[in-house]
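Chemist: The following block contains the structure, expressed as C-alpha cells.
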Amino acid sequence: MNEYLVAILLGIVEGITEFLPVSSTGHLILASELMGYDAAQWAVFNIAIQPGAILAIVVLYWRTFLAVGRGLLSWEANSVRFVRNLLIAFVPAVALGLLFNDQIEALLENAVIVAWALIAGGIGILVVERLARTKNVLGIAGVSFSQSVKIGLVQCIAMIPGVSRSGATIMGAMALGVDRRTAADFSFFLALPTLTGATVLQLFKHRDALTADSFGLIAVGFVVSFIVALAVVKAFLAVVTKHGFAPFAWYRIVAGTAALIWLSMR
C-alpha cells in the first residue's frame with residue numbers, strides 16, 4: 001500500500017479517536033498492524049500527527065482561548081484559575097514522560113497490550129458511569145487545585161497504549177465529582193500541552209531518522225486528522241450529553257476482544 005495512503009488512513013483514525021474515550025494511540029497501533037505495517041515503524045508518525053487533532057480544538061474553542069487570553073492580561077481570576085488548573089494537570093505527564101520515555105516507547109510496539117487495555121478501560125468506564133456522583137462545576141476554572149492534580153496523575157495511566165488519554169482524564173474527573181461536560185472540556189484543553197509536548201519530545205529524540213519523506217507523511221496525517229477531528233468533537237459531545245459514555249465503553253470491550261482473537265490467529 002502506498003505510504004501516503006497509509007498516512008491518510010491513519011490520519012482519519014487519529015481524527016476520529018483522539019477525543020473519544022477509546023484510545024487514539026491504541027487504534028493507530030492496531031490499524032498499522034492490520035495493514036501489515038510494523039507498529040514500531042509508524043510509532044513516531046502516530047504521535048507526530050496528534051497535534052493536527054489538537055488544532056481542531058483551538059479552532060472550535062477559539063472564543064474561549066480569546067477570552068482567557070484577554071483575562072490573563074488583566075489577571076482576571078477565572079482566567080488565571082483556568083490556566084493554573086491545566087498547567088497543574090500537565091506537570092505529572094511531563095515528569096513521568098521524561099523519566100520513562102524508553103519504557104513507554106516499548107509499549108507502543110505491543111498490540112496485545114492495546115487490546116487488553118481497551119477491554120479494561122471499557123469496564124472502567126462502565127464502573128465510573130454507574131458509581132460516580134457528579135455535580136455541576138462552573139467550567140474548568142471551577143475545578144479545584146487538588147482535583148486538577150489528581151486528574152493529571154490519572155492522565156499518566158494513558159501512557160499505556162490502549163488506555164485512552166481522553167478516557168482516563170474524563171473518567172478521572174467524573175470520579176472526583178466533576179460533571180460530564182466540564183470533564184470533557186478539561187480533557188480537550190489538557191490535550192494541548194500534553195500532546196504537543198509528547199510530539200516535540202518524539203521528533204527531537206528521533207530527529208536523525210526524520211527525512212523529507214517522513215515530514216511529508218506527517219504533514220498529510222496532520223491535515224487529515226485536523227479535518228476529521230473538527231467534525232468528530234461536536235458529534236461526540238452530542239452523544240455524551242444524550243447517552244453518556246456507556247456506548248464507548250461497550251465499543252472498547254468488543255473492539256479489544258476482537259483484536260485479541262485476531263492477534264491470536266496471526
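For the C-alpha cells, the naming scheme is as follows: chains receive sequential letters (A, B, ...) according to their order of presentation, residues are indexed from 1 within each chain, and ligands are indexed from 1 in presentation order.
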Quick one: everything within 12 Å of Pro51 in chain A, counting only C-alpha atoms, minus sequence neighbours fewer than 5 positions away in the same chain. Send it as a PyMOL selection string.

Modeler: chain A and resi 11+14-15+18-19+45-46+56-58+188+191-200+218-219+221-227+229

Chemist: What would the file look like if the residues just selected were written as a short mmCIF file (atom, residue, chain, number, x, y, z; two decimals), in the first residue's frame with N, CA, C and O atoms?

Modeler:
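The resulting file, result32.cif, is shown below:
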data_model
loop_
_atom_site.label_atom_id
_atom_site.label_comp_id
_atom_site.auth_asym_id
_atom_site.auth_seq_id
_atom_site.Cartn_x
_atom_site.Cartn_y
_atom_site.Cartn_z
N GLY A 11 -4.43 9.15 9.57
CA GLY A 11 -4.91 10.48 9.93
C GLY A 11 -6.40 10.47 10.23
O GLY A 11 -6.87 11.14 11.15
N GLU A 14 -6.82 8.82 13.62
CA GLU A 14 -6.44 9.78 14.67
C GLU A 14 -7.53 10.82 14.89
O GLU A 14 -7.91 11.10 16.03
N GLY A 15 -8.04 11.38 13.80
CA GLY A 15 -9.06 12.42 13.93
C GLY A 15 -10.33 11.92 14.57
O GLY A 15 -10.97 12.63 15.36
N GLU A 18 -9.10 10.61 18.65
CA GLU A 18 -8.30 11.37 19.62
C GLU A 18 -9.12 11.85 20.81
O GLU A 18 -8.66 11.79 21.96
N PHE A 19 -10.33 12.33 20.58
CA PHE A 19 -11.09 12.91 21.69
C PHE A 19 -12.20 11.98 22.20
O PHE A 19 -12.93 12.33 23.11
N PHE A 45 5.35 8.64 13.73
CA PHE A 45 4.32 9.25 12.90
C PHE A 45 3.01 9.36 13.68
O PHE A 45 2.34 10.41 13.67
N ASN A 46 2.62 8.28 14.35
CA ASN A 46 1.36 8.25 15.09
C ASN A 46 1.29 9.33 16.16
O ASN A 46 0.23 9.91 16.42
N ALA A 56 -7.80 21.26 15.94
CA ALA A 56 -9.26 21.33 15.79
C ALA A 56 -9.89 21.94 17.05
O ALA A 56 -10.87 22.70 16.95
N ILE A 57 -9.35 21.62 18.21
CA ILE A 57 -9.86 22.19 19.47
C ILE A 57 -9.61 23.69 19.51
O ILE A 57 -10.46 24.47 19.94
N VAL A 58 -8.45 24.12 19.04
CA VAL A 58 -8.13 25.55 19.00
C VAL A 58 -9.13 26.29 18.12
O VAL A 58 -9.62 27.37 18.47
N PHE A 188 -10.23 18.02 26.74
CA PHE A 188 -9.91 18.65 25.46
C PHE A 188 -8.76 19.64 25.60
O PHE A 188 -7.78 19.62 24.84
N ALA A 191 -5.31 18.35 26.50
CA ALA A 191 -4.64 17.68 25.38
C ALA A 191 -3.63 18.61 24.71
O ALA A 191 -2.62 18.14 24.17
N LEU A 192 -3.89 19.91 24.72
CA LEU A 192 -3.00 20.83 24.00
C LEU A 192 -1.56 20.76 24.50
O LEU A 192 -0.66 20.44 23.71
N PRO A 193 -1.29 21.01 25.78
CA PRO A 193 0.12 20.93 26.22
C PRO A 193 0.64 19.50 26.25
O PRO A 193 1.80 19.25 25.93
N THR A 194 -0.23 18.54 26.61
CA THR A 194 0.23 17.16 26.75
C THR A 194 0.68 16.56 25.43
O THR A 194 1.80 16.03 25.32
N LEU A 195 -0.16 16.64 24.41
CA LEU A 195 0.17 16.01 23.13
C LEU A 195 1.20 16.83 22.34
O LEU A 195 2.02 16.25 21.63
N THR A 196 1.16 18.14 22.50
CA THR A 196 2.19 18.96 21.84
C THR A 196 3.56 18.64 22.43
O THR A 196 4.56 18.48 21.70
N GLY A 197 3.62 18.52 23.76
CA GLY A 197 4.89 18.17 24.42
C GLY A 197 5.38 16.79 23.99
O GLY A 197 6.58 16.61 23.74
N ALA A 198 4.47 15.81 23.92
CA ALA A 198 4.85 14.46 23.50
C ALA A 198 5.39 14.45 22.08
O ALA A 198 6.36 13.76 21.76
N THR A 199 4.77 15.24 21.21
CA THR A 199 5.20 15.30 19.82
C THR A 199 6.59 15.92 19.70
O THR A 199 7.47 15.40 19.00
N VAL A 200 6.81 17.03 20.39
CA VAL A 200 8.12 17.69 20.35
C VAL A 200 9.20 16.75 20.86
O VAL A 200 10.29 16.64 20.27
N ILE A 218 3.98 13.04 7.67
CA ILE A 218 3.45 13.65 8.89
C ILE A 218 2.52 14.81 8.54
O ILE A 218 1.45 14.98 9.14
N ALA A 219 2.91 15.61 7.54
CA ALA A 219 2.07 16.75 7.13
C ALA A 219 0.71 16.28 6.62
O ALA A 219 -0.33 16.86 6.95
N GLY A 221 -0.83 13.38 7.37
CA GLY A 221 -1.59 12.86 8.52
C GLY A 221 -2.11 13.97 9.40
O GLY A 221 -3.23 13.90 9.92
N PHE A 222 -1.30 15.00 9.58
CA PHE A 222 -1.67 16.16 10.40
C PHE A 222 -2.92 16.83 9.85
O PHE A 222 -3.89 17.09 10.57
N VAL A 223 -2.91 17.14 8.56
CA VAL A 223 -4.04 17.84 7.93
C VAL A 223 -5.30 16.99 7.97
O VAL A 223 -6.39 17.49 8.29
N VAL A 224 -5.18 15.71 7.65
CA VAL A 224 -6.34 14.82 7.65
C VAL A 224 -6.93 14.69 9.05
O VAL A 224 -8.16 14.77 9.24
N SER A 225 -6.08 14.51 10.06
CA SER A 225 -6.58 14.37 11.44
C SER A 225 -7.28 15.64 11.89
O SER A 225 -8.29 15.59 12.62
N PHE A 226 -6.77 16.80 11.48
CA PHE A 226 -7.40 18.08 11.82
C PHE A 226 -8.81 18.17 11.25
O PHE A 226 -9.77 18.51 11.96
N ILE A 227 -8.96 17.87 9.98
CA ILE A 227 -10.26 17.99 9.32
C ILE A 227 -11.27 17.02 9.93
O ILE A 227 -12.42 17.40 10.21
N ALA A 229 -11.18 15.59 12.95
CA ALA A 229 -11.46 15.93 14.35
C ALA A 229 -12.45 17.07 14.47
O ALA A 229 -13.26 17.12 15.41
#

Chemist: Report as a ChimeraX atom specification: the residues of range 26-214 of chain A with a DSSP assignment of alpha helix (DSSP H), based on the backbone of this structure.

Modeler: /A:26-34,43-48,50-60,62-73,77-99,101-107,111-131,145-155,165-175,180-205,212-214

Chemist: Could those residues be written to a file, using C-alpha atoms, as a tab-separated table (two decimals), in the first residue's frame?

Modeler:
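The resulting file, again-v5.tsv, is reproduced below:
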chain	number	residue	atom	x	y	z
A	26	GLY	CA	-4.20	2.13	20.55
A	27	HIS	CA	-6.27	2.37	17.39
A	28	LEU	CA	-3.31	3.70	15.39
A	29	ILE	CA	-1.18	0.76	16.56
A	30	LEU	CA	-3.89	-1.76	15.67
A	31	ALA	CA	-4.54	-0.04	12.33
A	32	SER	CA	-0.83	-0.21	11.47
A	33	GLU	CA	-0.81	-3.93	12.33
A	34	LEU	CA	-4.00	-4.56	10.38
A	43	ALA	CA	5.19	4.94	16.14
A	44	VAL	CA	6.75	8.41	15.70
A	45	PHE	CA	4.32	9.25	12.90
A	46	ASN	CA	1.36	8.25	15.09
A	47	ILE	CA	2.45	10.64	17.82
A	48	ALA	CA	3.51	13.43	15.46
A	50	GLN	CA	-1.77	14.16	17.09
A	51	PRO	CA	-1.40	17.97	17.14
A	52	GLY	CA	-3.48	18.00	13.96
A	53	ALA	CA	-6.45	16.88	16.01
A	54	ILE	CA	-5.43	19.30	18.76
A	55	LEU	CA	-5.58	22.19	16.29
A	56	ALA	CA	-9.26	21.33	15.79
A	57	ILE	CA	-9.86	22.19	19.47
A	58	VAL	CA	-8.13	25.55	19.00
A	59	VAL	CA	-10.42	26.31	16.06
A	60	LEU	CA	-13.62	25.08	17.70
A	62	TRP	CA	-11.26	29.98	19.69
A	63	ARG	CA	-13.65	32.21	21.62
A	64	THR	CA	-12.63	30.52	24.87
A	65	PHE	CA	-8.93	30.96	24.08
A	66	LEU	CA	-9.51	34.61	23.22
A	67	ALA	CA	-11.46	35.24	26.42
A	68	VAL	CA	-8.85	33.50	28.58
A	69	GLY	CA	-6.04	35.40	26.86
A	70	ARG	CA	-7.75	38.72	27.50
A	71	GLY	CA	-8.49	37.70	31.06
A	72	LEU	CA	-4.84	36.88	31.71
A	73	LEU	CA	-3.78	40.33	30.56
A	77	ALA	CA	-9.47	35.33	38.49
A	78	ASN	CA	-11.32	32.80	36.33
A	79	SER	CA	-8.78	33.02	33.52
A	80	VAL	CA	-5.90	32.58	35.95
A	81	ARG	CA	-7.56	29.51	37.53
A	82	PHE	CA	-8.32	28.12	34.05
A	83	VAL	CA	-4.64	28.19	33.05
A	84	ARG	CA	-3.44	27.17	36.52
A	85	ASN	CA	-5.58	24.04	36.54
A	86	LEU	CA	-4.41	22.91	33.12
A	87	LEU	CA	-0.73	23.51	33.94
A	88	ILE	CA	-1.05	21.64	37.24
A	89	ALA	CA	-2.66	18.68	35.48
A	90	PHE	CA	0.05	18.76	32.80
A	91	VAL	CA	3.03	18.51	35.19
A	92	PRO	CA	2.73	14.78	36.11
A	93	ALA	CA	2.74	13.79	32.42
A	94	VAL	CA	5.90	15.84	31.85
A	95	ALA	CA	7.72	14.26	34.81
A	96	LEU	CA	6.76	10.65	34.08
A	97	GLY	CA	7.09	11.07	30.32
A	98	LEU	CA	10.70	12.20	30.67
A	99	LEU	CA	11.55	9.56	33.27
A	101	ASN	CA	10.17	7.60	27.83
A	102	ASP	CA	12.03	4.47	26.69
A	103	GLN	CA	9.64	2.13	28.50
A	104	ILE	CA	6.64	3.98	27.07
A	105	GLU	CA	8.06	3.69	23.54
A	106	ALA	CA	8.49	-0.05	24.01
A	107	LEU	CA	4.81	-0.38	24.87
A	111	ALA	CA	-0.67	-4.63	20.08
A	112	VAL	CA	-1.67	-7.25	22.67
A	113	ILE	CA	-1.29	-4.70	25.47
A	114	VAL	CA	-3.51	-2.35	23.46
A	115	ALA	CA	-6.25	-4.99	23.19
A	116	TRP	CA	-6.25	-5.77	26.91
A	117	ALA	CA	-6.15	-2.05	27.79
A	118	LEU	CA	-9.19	-1.43	25.57
A	119	ILE	CA	-11.16	-4.08	27.46
A	120	ALA	CA	-10.01	-2.93	30.90
A	121	GLY	CA	-10.73	0.70	30.04
A	122	GLY	CA	-14.22	-0.17	28.83
A	123	ILE	CA	-15.00	-1.91	32.10
A	124	GLY	CA	-13.58	1.08	33.99
A	125	ILE	CA	-15.85	3.50	32.12
A	126	LEU	CA	-18.93	1.41	32.96
A	127	VAL	CA	-17.95	1.36	36.64
A	128	VAL	CA	-17.38	5.13	36.80
A	129	GLU	CA	-20.59	5.87	34.90
A	130	ARG	CA	-22.54	3.78	37.40
A	131	LEU	CA	-20.88	4.86	40.64
A	145	PHE	CA	-6.46	22.64	42.81
A	146	SER	CA	-6.50	19.13	44.29
A	147	GLN	CA	-8.86	17.83	41.61
A	148	SER	CA	-6.53	19.19	38.91
A	149	VAL	CA	-3.53	17.42	40.47
A	150	LYS	CA	-5.43	14.12	40.63
A	151	ILE	CA	-6.72	14.43	37.05
A	152	GLY	CA	-3.12	14.98	35.95
A	153	LEU	CA	-2.00	11.84	37.79
A	154	VAL	CA	-4.82	9.80	36.26
A	155	GLN	CA	-3.84	11.05	32.80
A	165	ARG	CA	-5.81	9.84	27.43
A	166	SER	CA	-9.24	11.40	26.99
A	167	GLY	CA	-10.93	8.42	28.64
A	168	ALA	CA	-8.60	8.50	31.64
A	169	THR	CA	-8.93	12.24	32.20
A	170	ILE	CA	-12.70	12.35	31.68
A	171	MET	CA	-13.40	9.34	33.89
A	172	GLY	CA	-10.88	10.56	36.46
A	173	ALA	CA	-12.58	13.94	36.62
A	174	MET	CA	-16.04	12.36	36.93
A	175	ALA	CA	-14.82	10.05	39.69
A	180	ARG	CA	-19.59	15.21	32.24
A	181	ARG	CA	-19.38	18.37	30.13
A	182	THR	CA	-16.72	20.04	32.27
A	183	ALA	CA	-14.77	16.78	32.44
A	184	ALA	CA	-14.82	16.55	28.63
A	185	ASP	CA	-13.79	20.20	28.22
A	186	PHE	CA	-10.96	19.73	30.73
A	187	SER	CA	-9.75	16.73	28.74
A	188	PHE	CA	-9.91	18.65	25.46
A	189	PHE	CA	-7.88	21.60	26.73
A	190	LEU	CA	-5.40	19.45	28.66
A	191	ALA	CA	-4.64	17.68	25.38
A	192	LEU	CA	-3.00	20.83	24.00
A	193	PRO	CA	0.12	20.93	26.22
A	194	THR	CA	0.23	17.16	26.75
A	195	LEU	CA	0.17	16.01	23.13
A	196	THR	CA	2.19	18.96	21.84
A	197	GLY	CA	4.89	18.17	24.42
A	198	ALA	CA	4.85	14.46	23.50
A	199	THR	CA	5.20	15.30	19.82
A	200	VAL	CA	8.12	17.69	20.35
A	201	LEU	CA	9.89	15.10	22.53
A	202	GLN	CA	9.45	12.31	19.97
A	203	LEU	CA	10.51	14.42	16.99
A	204	PHE	CA	13.58	15.66	18.87
A	205	LYS	CA	14.53	12.17	20.06
A	212	ALA	CA	11.89	14.87	3.81
A	213	ASP	CA	9.56	11.94	3.05
A	214	SER	CA	8.73	11.40	6.72

Chemist: Calculated over only C-alpha atoms, which of the candidates A:Asn2, A:Lys135, A:Val239, A:Ser23 has the smallest distance to Pro161 in chain A?

Modeler: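 Selected residue with least distance to Pro161 in chain A: A:Ser23.
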